[in-house]
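Text of protein_35.cif (mmCIF, C-alpha atoms) as supplied:
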```
data_entry
loop_
_atom_site.label_atom_id
_atom_site.label_comp_id
_atom_site.auth_asym_id
_atom_site.auth_seq_id
_atom_site.Cartn_x
_atom_site.Cartn_y
_atom_site.Cartn_z
CA MET A 1 -3.10 0.32 14.20
CA ASP A 2 0.24 1.89 13.30
CA ASP A 3 2.30 2.14 10.11
CA LEU A 4 3.85 -1.31 10.56
CA ASP A 5 0.40 -2.92 10.85
CA GLN A 6 -0.71 -1.07 7.71
CA GLU A 7 2.41 -2.23 5.82
CA LEU A 8 1.82 -5.83 6.88
CA LEU A 9 -1.85 -5.72 5.86
CA SER A 10 -0.95 -4.22 2.51
CA ALA A 11 1.69 -6.89 1.82
CA LEU A 12 -0.60 -9.71 2.93
CA ARG A 13 -3.47 -8.40 0.78
CA HIS A 14 -1.12 -8.59 -2.18
CA ASN A 15 0.02 -12.13 -1.28
CA ALA A 16 -1.35 -13.79 1.87
CA ARG A 17 1.32 -16.49 1.59
CA THR A 18 4.27 -14.11 2.02
CA PRO A 19 6.62 -15.68 4.57
CA VAL A 20 7.24 -13.89 7.86
CA SER A 21 10.93 -13.59 7.00
CA SER A 22 10.06 -11.78 3.76
CA LEU A 23 7.63 -9.49 5.57
CA ALA A 24 10.34 -8.69 8.10
CA ALA A 25 12.80 -7.83 5.32
CA MET A 26 10.21 -5.62 3.57
CA THR A 27 9.29 -3.70 6.71
CA GLY A 28 12.63 -3.60 8.48
CA ALA A 29 11.10 -5.19 11.59
CA SER A 30 12.36 -8.38 13.22
CA ARG A 31 10.73 -11.73 12.40
CA ALA A 32 9.52 -12.01 16.00
CA THR A 33 7.89 -8.56 15.81
CA VAL A 34 6.20 -9.35 12.49
CA ALA A 35 4.90 -12.70 13.78
CA ALA A 36 3.59 -11.06 16.96
CA ARG A 37 1.89 -8.29 14.97
CA ILE A 38 0.21 -10.76 12.63
CA ASP A 39 -0.97 -12.82 15.61
CA ARG A 40 -2.38 -9.63 17.19
CA LEU A 41 -4.13 -8.63 13.94
CA VAL A 42 -5.71 -12.08 13.74
CA ALA A 43 -6.75 -12.07 17.41
CA SER A 44 -8.34 -8.61 17.08
CA GLY A 45 -10.31 -9.67 13.99
CA THR A 46 -8.53 -7.19 11.71
CA ILE A 47 -7.31 -10.20 9.73
CA ALA A 48 -10.31 -12.50 9.46
CA ALA A 49 -8.69 -15.12 7.23
CA PHE A 50 -5.83 -15.90 4.91
CA THR A 51 -7.56 -16.81 1.69
CA ILE A 52 -7.41 -17.00 -2.07
CA ARG A 53 -8.88 -14.55 -4.56
CA THR A 54 -11.62 -15.87 -6.79
CA GLY A 55 -13.44 -14.50 -9.77
CA HIS A 56 -16.21 -11.96 -9.23
CA GLU A 57 -18.92 -14.49 -9.99
CA THR A 58 -17.93 -16.72 -7.06
CA ARG A 59 -17.96 -13.98 -4.43
CA ALA A 60 -20.86 -13.93 -2.04
CA ALA A 61 -20.49 -10.50 -0.46
CA GLY A 62 -23.68 -9.08 0.95
CA VAL A 63 -22.85 -5.50 -0.05
CA ARG A 64 -20.70 -4.30 -2.92
CA ALA A 65 -20.03 -0.65 -3.65
CA ILE A 66 -17.90 1.86 -5.46
CA VAL A 67 -16.50 4.69 -3.34
CA MET A 68 -15.07 7.78 -5.00
CA ILE A 69 -12.50 9.51 -2.78
CA GLU A 70 -11.08 13.02 -2.83
CA VAL A 71 -7.72 13.46 -1.07
CA LEU A 72 -6.30 16.63 0.46
CA GLY A 73 -2.99 17.94 -0.83
CA LYS A 74 -0.07 15.58 -1.10
CA LEU A 75 -1.41 12.80 1.12
CA ALA A 76 -2.42 10.45 -1.70
CA ASP A 77 0.32 7.86 -1.07
CA ARG A 78 -0.42 7.71 2.65
CA VAL A 79 -4.18 7.45 2.02
CA ALA A 80 -3.64 4.71 -0.59
CA ASP A 81 -1.51 2.69 1.83
CA GLN A 82 -4.22 2.84 4.49
CA LEU A 83 -7.00 1.97 2.03
CA ARG A 84 -5.03 -1.03 0.70
CA GLY A 85 -4.78 -2.28 4.29
CA LEU A 86 -8.56 -2.56 4.65
CA PRO A 87 -9.73 -6.08 3.78
CA GLN A 88 -13.04 -4.74 2.45
CA VAL A 89 -11.22 -2.77 -0.26
CA ARG A 90 -11.05 -5.29 -3.11
CA ALA A 91 -9.49 -2.89 -5.61
CA LEU A 92 -8.17 0.65 -5.52
CA HIS A 93 -7.77 2.79 -8.63
CA SER A 94 -6.22 6.23 -9.00
CA THR A 95 -8.18 8.54 -11.30
CA ASN A 96 -8.15 12.00 -12.80
CA GLY A 97 -10.78 14.70 -12.34
CA LYS A 98 -12.58 15.49 -9.09
CA TRP A 99 -11.94 12.10 -7.47
CA ASP A 100 -8.42 10.96 -6.68
CA PHE A 101 -9.29 7.30 -6.03
CA VAL A 102 -12.08 4.86 -6.79
CA ALA A 103 -12.29 1.99 -4.31
CA GLU A 104 -14.25 -1.20 -4.91
CA LEU A 105 -15.65 -2.43 -1.59
CA GLU A 106 -17.20 -5.70 -0.50
CA ASP A 107 -18.67 -6.31 2.93
CA ARG A 108 -20.84 -8.96 4.56
CA ASP A 109 -23.85 -6.75 5.45
CA LEU A 110 -25.01 -3.14 5.72
CA VAL A 111 -23.97 -2.79 9.37
CA SER A 112 -20.40 -3.85 8.55
CA PHE A 113 -20.45 -1.74 5.41
CA ASP A 114 -21.47 1.33 7.41
CA GLU A 115 -18.54 0.74 9.78
CA THR A 116 -16.15 0.34 6.83
CA LEU A 117 -17.32 3.66 5.36
CA ARG A 118 -16.88 5.30 8.77
CA ARG A 119 -13.29 3.98 8.98
CA ILE A 120 -12.54 5.21 5.45
CA ARG A 121 -13.91 8.68 6.18
CA LEU A 122 -11.72 8.93 9.29
CA ILE A 123 -8.49 8.36 7.34
CA ASN A 124 -6.35 11.47 7.64
CA GLY A 125 -6.16 13.15 4.24
CA ILE A 126 -9.55 12.14 2.88
CA ASN A 127 -11.54 15.28 2.10
CA SER A 128 -14.78 13.79 0.76
CA THR A 129 -16.32 10.59 -0.55
CA GLU A 130 -19.25 9.57 -2.68
CA THR A 131 -20.58 6.02 -2.48
CA SER A 132 -22.72 3.99 -4.87
CA ILE A 133 -23.94 0.57 -3.75
CA LEU A 134 -23.90 -1.97 -6.59
CA LEU A 135 -27.28 -3.65 -6.93
CA LYS A 136 -27.01 -6.09 -9.84
CA THR A 137 -24.14 -7.06 -12.10
CA ARG A 138 -25.26 -7.12 -15.71
CA LYS A 139 -21.90 -7.84 -17.33
CA THR A 140 -18.44 -8.86 -16.15
CA GLY A 141 -15.17 -9.14 -18.01
CA PHE A 142 -13.88 -7.14 -20.94
#
```
For the structure just supplied, provide its representation as structure tokens.
Amino acid sequence: MDDLDQELLSALRHNARTPVSSLAAMTGASRATVAARIDRLVASGTIAAFTIRTGHETRAAGVRAIVMIEVLGKLADRVADQLRGLPQVRALHSTNGKWDFVAELEDRDLVSFDETLRRIRLINGINSTETSILLKTRKTGF
């Protein structure tokens, strides 16, 4: 997966209904290239579905977790772009203190979750992580 794939995933996570022509304009790639890349991402399983976002209470993820992430040097923007491209990352927050980012993850089962954590830890620029699996939600909303 290269930078163009990551850009497309990031844009589609923000709005899965973004037209190919708009994606091409955002990335500087041709419409044909963007369409081919999206088709390849779907065929490889990187994009599993184009869907809507629902409230937390309607999600049926098997594993939910919070991952605190420490980034090396000045690579925060690059790391954030790659994290936003992962479909399992439901939210990404920048923070102060020891951890640079807090990522909210959802995955279908522990095997998939383990693979997602492996992929996150392999991102260039990530120094360390700490993960807490969420067991039971006791309150939602503000």
Determine, using only C-alpha atoms, which residues of stretch 33-91 of chain A have any atom at most 7 Å from an atom of stretch 97-103 of chain A, and tabulate each with its shortest atom pair and distance in Å to one decimal place, rows ordered by chain and then rising number, as JSON lines.
```
{"residue": "A:Ile66", "atom": "CA", "partner": "A:Ala103", "partner_atom": "CA", "distance": 5.7}
{"residue": "A:Val67", "atom": "CA", "partner": "A:Ala103", "partner_atom": "CA", "distance": 5.1}
{"residue": "A:Met68", "atom": "CA", "partner": "A:Val102", "partner_atom": "CA", "distance": 4.5}
{"residue": "A:Ile69", "atom": "CA", "partner": "A:Phe101", "partner_atom": "CA", "distance": 5.1}
{"residue": "A:Glu70", "atom": "CA", "partner": "A:Trp99", "partner_atom": "CA", "distance": 4.8}
{"residue": "A:Val71", "atom": "CA", "partner": "A:Asp100", "partner_atom": "CA", "distance": 6.2}
{"residue": "A:Val89", "atom": "CA", "partner": "A:Ala103", "partner_atom": "CA", "distance": 6.3}
{"residue": "A:Ala91", "atom": "CA", "partner": "A:Ala103", "partner_atom": "CA", "distance": 5.8}
```
Output the selection as a short mmCIF file (atom, residue, chain, number, x, y, z; two decimals), keeping the file's coordinate frame - C-alpha atoms for each residue.
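As written to disk, part12.cif reads:
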```
data_model
loop_
_atom_site.label_atom_id
_atom_site.label_comp_id
_atom_site.auth_asym_id
_atom_site.auth_seq_id
_atom_site.Cartn_x
_atom_site.Cartn_y
_atom_site.Cartn_z
CA ILE A 66 -17.90 1.86 -5.46
CA VAL A 67 -16.50 4.69 -3.34
CA MET A 68 -15.07 7.78 -5.00
CA ILE A 69 -12.50 9.51 -2.78
CA GLU A 70 -11.08 13.02 -2.83
CA VAL A 71 -7.72 13.46 -1.07
CA VAL A 89 -11.22 -2.77 -0.26
CA ALA A 91 -9.49 -2.89 -5.61
#
```
Under the rule that only C-alpha atoms are counted, which of A:Arg78, A:Asp109, A:Leu72, A:Thr18 is the nearest residue to A:Ser128? A:Leu72
Given the PyMOL selection byres ((chain A and resi 35) around 12) and the file above, list the residues it selects as an mmCIF file with C-alpha atoms, in the frame of the given file.
```cif
data_model
loop_
_atom_site.group_PDB
_atom_site.id
_atom_site.type_symbol
_atom_site.label_atom_id
_atom_site.label_comp_id
_atom_site.auth_asym_id
_atom_site.auth_seq_id
_atom_site.Cartn_x
_atom_site.Cartn_y
_atom_site.Cartn_z
ATOM 1 C CA LEU A 4 3.850 -1.310 10.560
ATOM 2 C CA ASP A 5 0.400 -2.920 10.850
ATOM 3 C CA LEU A 8 1.820 -5.830 6.880
ATOM 4 C CA THR A 18 4.270 -14.110 2.020
ATOM 5 C CA PRO A 19 6.620 -15.680 4.570
ATOM 6 C CA VAL A 20 7.240 -13.890 7.860
ATOM 7 C CA SER A 21 10.930 -13.590 7.000
ATOM 8 C CA SER A 22 10.060 -11.780 3.760
ATOM 9 C CA LEU A 23 7.630 -9.490 5.570
ATOM 10 C CA ALA A 24 10.340 -8.690 8.100
ATOM 11 C CA ALA A 29 11.100 -5.190 11.590
ATOM 12 C CA SER A 30 12.360 -8.380 13.220
ATOM 13 C CA ARG A 31 10.730 -11.730 12.400
ATOM 14 C CA ALA A 32 9.520 -12.010 16.000
ATOM 15 C CA THR A 33 7.890 -8.560 15.810
ATOM 16 C CA VAL A 34 6.200 -9.350 12.490
ATOM 17 C CA ALA A 36 3.590 -11.060 16.960
ATOM 18 C CA ARG A 37 1.890 -8.290 14.970
ATOM 19 C CA ILE A 38 0.210 -10.760 12.630
ATOM 20 C CA ASP A 39 -0.970 -12.820 15.610
ATOM 21 C CA ARG A 40 -2.380 -9.630 17.190
ATOM 22 C CA LEU A 41 -4.130 -8.630 13.940
ATOM 23 C CA VAL A 42 -5.710 -12.080 13.740
#
```
In Å, rounded to a single decimal, give me how far atom CA of A:Arg13 is from atom CA of A:Ile126.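 About the pair atom CA of A:Ile126 and atom CA of A:Arg13: they are 21.5 Å apart.
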Just how far from atom CA of A:Arg108 is atom CA of A:Leu134, in Å to one decimal?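 Separation between atom CA of A:Leu134 and atom CA of A:Arg108: 13.5 Å.
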Taking the file as I've supplied it (selection: the PyMOL selection byres ((chain A and resi 118-120) around 10)), which residues are included? Please answer as a ChimeraX atom specification. /A:67,69,79,82-83,86,89,112-117,121-124,126,129
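Distances to A:Thr137 were evaluated for A:Ala49, A:Val111, A:Ala65, A:Asp3 using all atoms listed in the file, and the minimum falls at A:Ala65.
As for atom CA of A:Leu135 and atom CA of A:Gly62, they are spaced 10.2 Å apart.
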